[in-house]
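Visitor: One structure, pasted below without further comment.
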Amino acid sequence: MTAPYRLTGALDGSRPILLASPHSGTHMPADFLAATRLDVRSLRRIEDAHVGALLAPAAATGLPLLEAVHSRAVIDLNRAEDELDPSMFVGQVTPVARITDRVRRGYGLFPRVVAPNQPIHHARLPATTGTERIARLHRPWHAAIEAALARTLARHGHAVLLDVHSMPSLETPNAPALVLGDLHGRSAAPALVDWLHNAFTTHGLKVARNSPYAGGYTTERHGRPLAGVHCVQLEFDRALYMDPALLRPHAGFAPLAAQIAAVLSDLESALPQLGLNQPLPFAAE
C-alpha cells in the first residue's frame, strides 16, 4: 500500500522549521484512474508540480520536509476532512459534509474539477472510497505535522511550519512572484512574515501578502502564534521555475531552489531574535 507521505529528514523537533508540500504528489492509484474521464497530463495540472524537488536543497541542509505522495486530484491535503461535496458520492461519507466556498467551486477535499468545466470523474464514487482516503492519507499527514510541531515547540519554545505551493502567474499589474499567506495575521507572528517578506524581496522577488491567497486548511489548523506555533503559506509563481504548459522545469529552477535554501538557512539563524516564543502583545484579528 502506497505511503501517505514522503519524509526527508526527521520529525524529532531538532530543527525549528518544518517544510510541507501537500500538492506536489503525483501518485494516482489504479482505482482512481479507472474512475476518471481525464488523461494523466490533464489531471496533473491541479498539482503544484515539482515543489517538493524545489525544496530539496533546503531539505539537504537537514530541515525536515514532508511531501505528499498522492496527486491532489486524488485528495487535497490542504482541506479539512469535512470539506466534502456530497453530490460526488453514493452513500454517506464520514464525516458529514461541510459546504465551504472551496467545495462550491469544485476544489474540496476530493476535487470535483481540475479547472472550470473540466470534471474529474465519470460518475459518483462509493462513499467507502472517500472514507478510506481520509483515514489512510489525510489523517496521517496532519497527525505527522501536529506531532512534529509539538516536539519542535517543546525543544525550541517556538515552531515554524512553512506550507509551500505554486500558483499560476497572476494576470495583474505588477503581479507578485510570491504570495505569503498568514490568514491576515492569525496563523503567524508579524515579525516572521515581515522577515520572510524582506528576505525574498532582497533576493529579487516581488512579494505580496494574503492576496489572492491568504492560506488554507493547513494554516487554519496548525497556526497558533499565541502558543508559539507559526504557519505561513508560500505561493511561488510556477513560471519562475517551470513551463506551466509542459509541466517541465526550466533554467530558472536551480536558481530559485538555491534562493529558497539560502533564505531558510538565514531564517533559522534569525529565529531566536524574532521573539516567536513570546506571547503576542495582542490577539490576532
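Chain lettering (A, B, ...) mirrors the order of the C-alpha cells, residue numbering begins at 1 for each chain separately, and ligand numbering begins at 1 in order of display.
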Please identify every residue of stretch 33-111 of chain A that has at least one atom no farther than 12 Å from an atom of stretch 146-161 of chain A, counting only C-alpha atoms, and for each give the shortest atom pair and the distance in Å to one decimal, arranged by chain then increasing number, as a Markdown table.
Guide:
| residue | atom | partner | partner_atom | distance |
| --- | --- | --- | --- | --- |
| A:Leu63 | CA | A:Leu161 | CA | 10.9 |
| A:Pro64 | CA | A:Ala148 | CA | 9.4 |
| A:Leu65 | CA | A:Leu161 | CA | 10.1 |
| A:Leu66 | CA | A:Ala148 | CA | 10.6 |
Visitor: Skip stretch 269-275 of chain A itself and residues of its chain fewer than 4 positions away, then list as an NGL selection string all residues within 8 Å of it, counting only C-alpha atoms.
Guide: :A and (191-192 or 265)
Visitor: Can you list every residue in stretch 45-226 of chain A that DSSP puts in strand (DSSP E or B), as a PyMOL selection string?
Guide: chain A and resi 65-68+70+89-90+113-115+118-119+121+125-126+159-167+178-181+207-209+224
Visitor: Env of A:Gln259: 10 Å cut, atoms = only C-alpha atoms, seq-sep filter 3 positions within chain, self excluded. Answer as a VMD selection string.
Guide: chain A and resid 57 to 58 199 to 200 203 to 205 254 to 256 262 to 265
Visitor: Kindly save the residues from that selection, with all heavy atoms included, as a short mmCIF file (atom, residue, chain, number, x, y, z; two decimals), in the first residue's frame.
Guide:
data_model
loop_
_atom_site.label_atom_id
_atom_site.label_comp_id
_atom_site.auth_asym_id
_atom_site.auth_seq_id
_atom_site.Cartn_x
_atom_site.Cartn_y
_atom_site.Cartn_z
N PRO A 57 17.05 21.26 -1.96
CA PRO A 57 18.29 21.84 -1.42
C PRO A 57 18.14 22.31 0.02
O PRO A 57 19.08 22.16 0.82
CB PRO A 57 18.58 23.00 -2.38
CG PRO A 57 17.94 22.61 -3.66
CD PRO A 57 16.68 21.91 -3.25
N ALA A 58 16.99 22.85 0.39
CA ALA A 58 16.77 23.24 1.78
C ALA A 58 16.72 22.02 2.68
O ALA A 58 17.28 22.00 3.78
CB ALA A 58 15.49 24.05 1.90
N ALA A 199 13.28 39.15 3.20
CA ALA A 199 14.34 38.26 2.71
C ALA A 199 14.13 37.91 1.24
O ALA A 199 15.06 37.97 0.43
CB ALA A 199 14.39 36.99 3.55
N PHE A 200 12.90 37.55 0.87
CA PHE A 200 12.65 37.19 -0.52
C PHE A 200 12.70 38.41 -1.44
O PHE A 200 13.12 38.30 -2.60
CB PHE A 200 11.33 36.44 -0.67
CG PHE A 200 11.41 34.99 -0.28
CD1 PHE A 200 10.82 34.53 0.88
CD2 PHE A 200 12.10 34.09 -1.09
CE1 PHE A 200 10.90 33.18 1.22
CE2 PHE A 200 12.19 32.74 -0.75
CZ PHE A 200 11.59 32.29 0.41
N HIS A 203 16.18 38.98 -2.35
CA HIS A 203 16.60 38.03 -3.39
C HIS A 203 15.97 38.31 -4.74
O HIS A 203 16.10 37.51 -5.67
CB HIS A 203 16.30 36.60 -2.95
CG HIS A 203 17.33 36.03 -2.03
ND1 HIS A 203 18.39 35.27 -2.47
CD2 HIS A 203 17.49 36.13 -0.69
CE1 HIS A 203 19.14 34.91 -1.46
NE2 HIS A 203 18.62 35.42 -0.36
N GLY A 204 15.27 39.42 -4.87
CA GLY A 204 14.78 39.86 -6.18
C GLY A 204 13.36 39.47 -6.52
O GLY A 204 12.92 39.71 -7.66
N LEU A 205 12.60 38.91 -5.57
CA LEU A 205 11.22 38.52 -5.86
C LEU A 205 10.26 39.61 -5.41
O LEU A 205 10.42 40.20 -4.33
CB LEU A 205 10.87 37.22 -5.15
CG LEU A 205 11.65 35.96 -5.54
CD1 LEU A 205 11.07 34.75 -4.82
CD2 LEU A 205 11.63 35.74 -7.05
N ALA A 254 16.87 25.79 -10.77
CA ALA A 254 18.00 25.70 -9.84
C ALA A 254 18.24 27.01 -9.10
O ALA A 254 18.47 27.00 -7.88
CB ALA A 254 19.26 25.24 -10.58
N PRO A 255 18.21 28.18 -9.79
CA PRO A 255 18.39 29.43 -9.04
C PRO A 255 17.33 29.67 -7.98
O PRO A 255 17.65 30.12 -6.87
CB PRO A 255 18.34 30.51 -10.14
CG PRO A 255 18.77 29.80 -11.38
CD PRO A 255 18.21 28.41 -11.25
N LEU A 256 16.06 29.37 -8.28
CA LEU A 256 15.01 29.57 -7.29
C LEU A 256 15.19 28.61 -6.12
O LEU A 256 15.04 29.01 -4.95
CB LEU A 256 13.63 29.41 -7.91
CG LEU A 256 12.45 29.60 -6.95
CD1 LEU A 256 12.47 31.00 -6.33
CD2 LEU A 256 11.12 29.34 -7.65
N ALA A 262 18.78 29.34 0.68
CA ALA A 262 19.56 30.40 1.34
C ALA A 262 18.68 31.19 2.32
O ALA A 262 19.10 31.50 3.45
CB ALA A 262 20.15 31.33 0.29
N VAL A 263 17.46 31.52 1.90
CA VAL A 263 16.55 32.26 2.77
C VAL A 263 16.23 31.45 4.02
O VAL A 263 16.25 31.98 5.15
CB VAL A 263 15.26 32.63 2.02
CG1 VAL A 263 14.19 33.12 2.99
CG2 VAL A 263 15.53 33.71 0.97
N LEU A 264 15.97 30.16 3.85
CA LEU A 264 15.60 29.35 5.01
C LEU A 264 16.77 29.13 5.96
O LEU A 264 16.58 29.04 7.18
CB LEU A 264 15.01 28.01 4.55
CG LEU A 264 13.71 28.13 3.73
CD1 LEU A 264 13.13 26.75 3.46
CD2 LEU A 264 12.69 29.01 4.44
N SER A 265 17.98 29.05 5.41
CA SER A 265 19.16 28.95 6.27
C SER A 265 19.31 30.22 7.11
O SER A 265 19.56 30.15 8.32
CB SER A 265 20.41 28.73 5.41
OG SER A 265 21.57 28.71 6.21
#
Visitor: May I ask which of the residues A:His27, A:Arg224, A:Arg133, A:Arg98 is the closest one to A:Gly185, counting only C-alpha atoms?
Guide: A:Arg224
Visitor: Find, counting only C-alpha atoms, the residue in A:Leu170, A:Val232, A:Ala175, A:Ile75 that gets nearest to A:His197.
Guide: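 The answer is A:Val232, which sits nearest to A:His197.
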Visitor: Would you work out the distance separating atom CA of A:Ile260 from atom CA of A:Leu55, expressed in Å to one decimal?
Guide: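 Atom CA of A:Ile260 sits 7.3 Å away from atom CA of A:Leu55.
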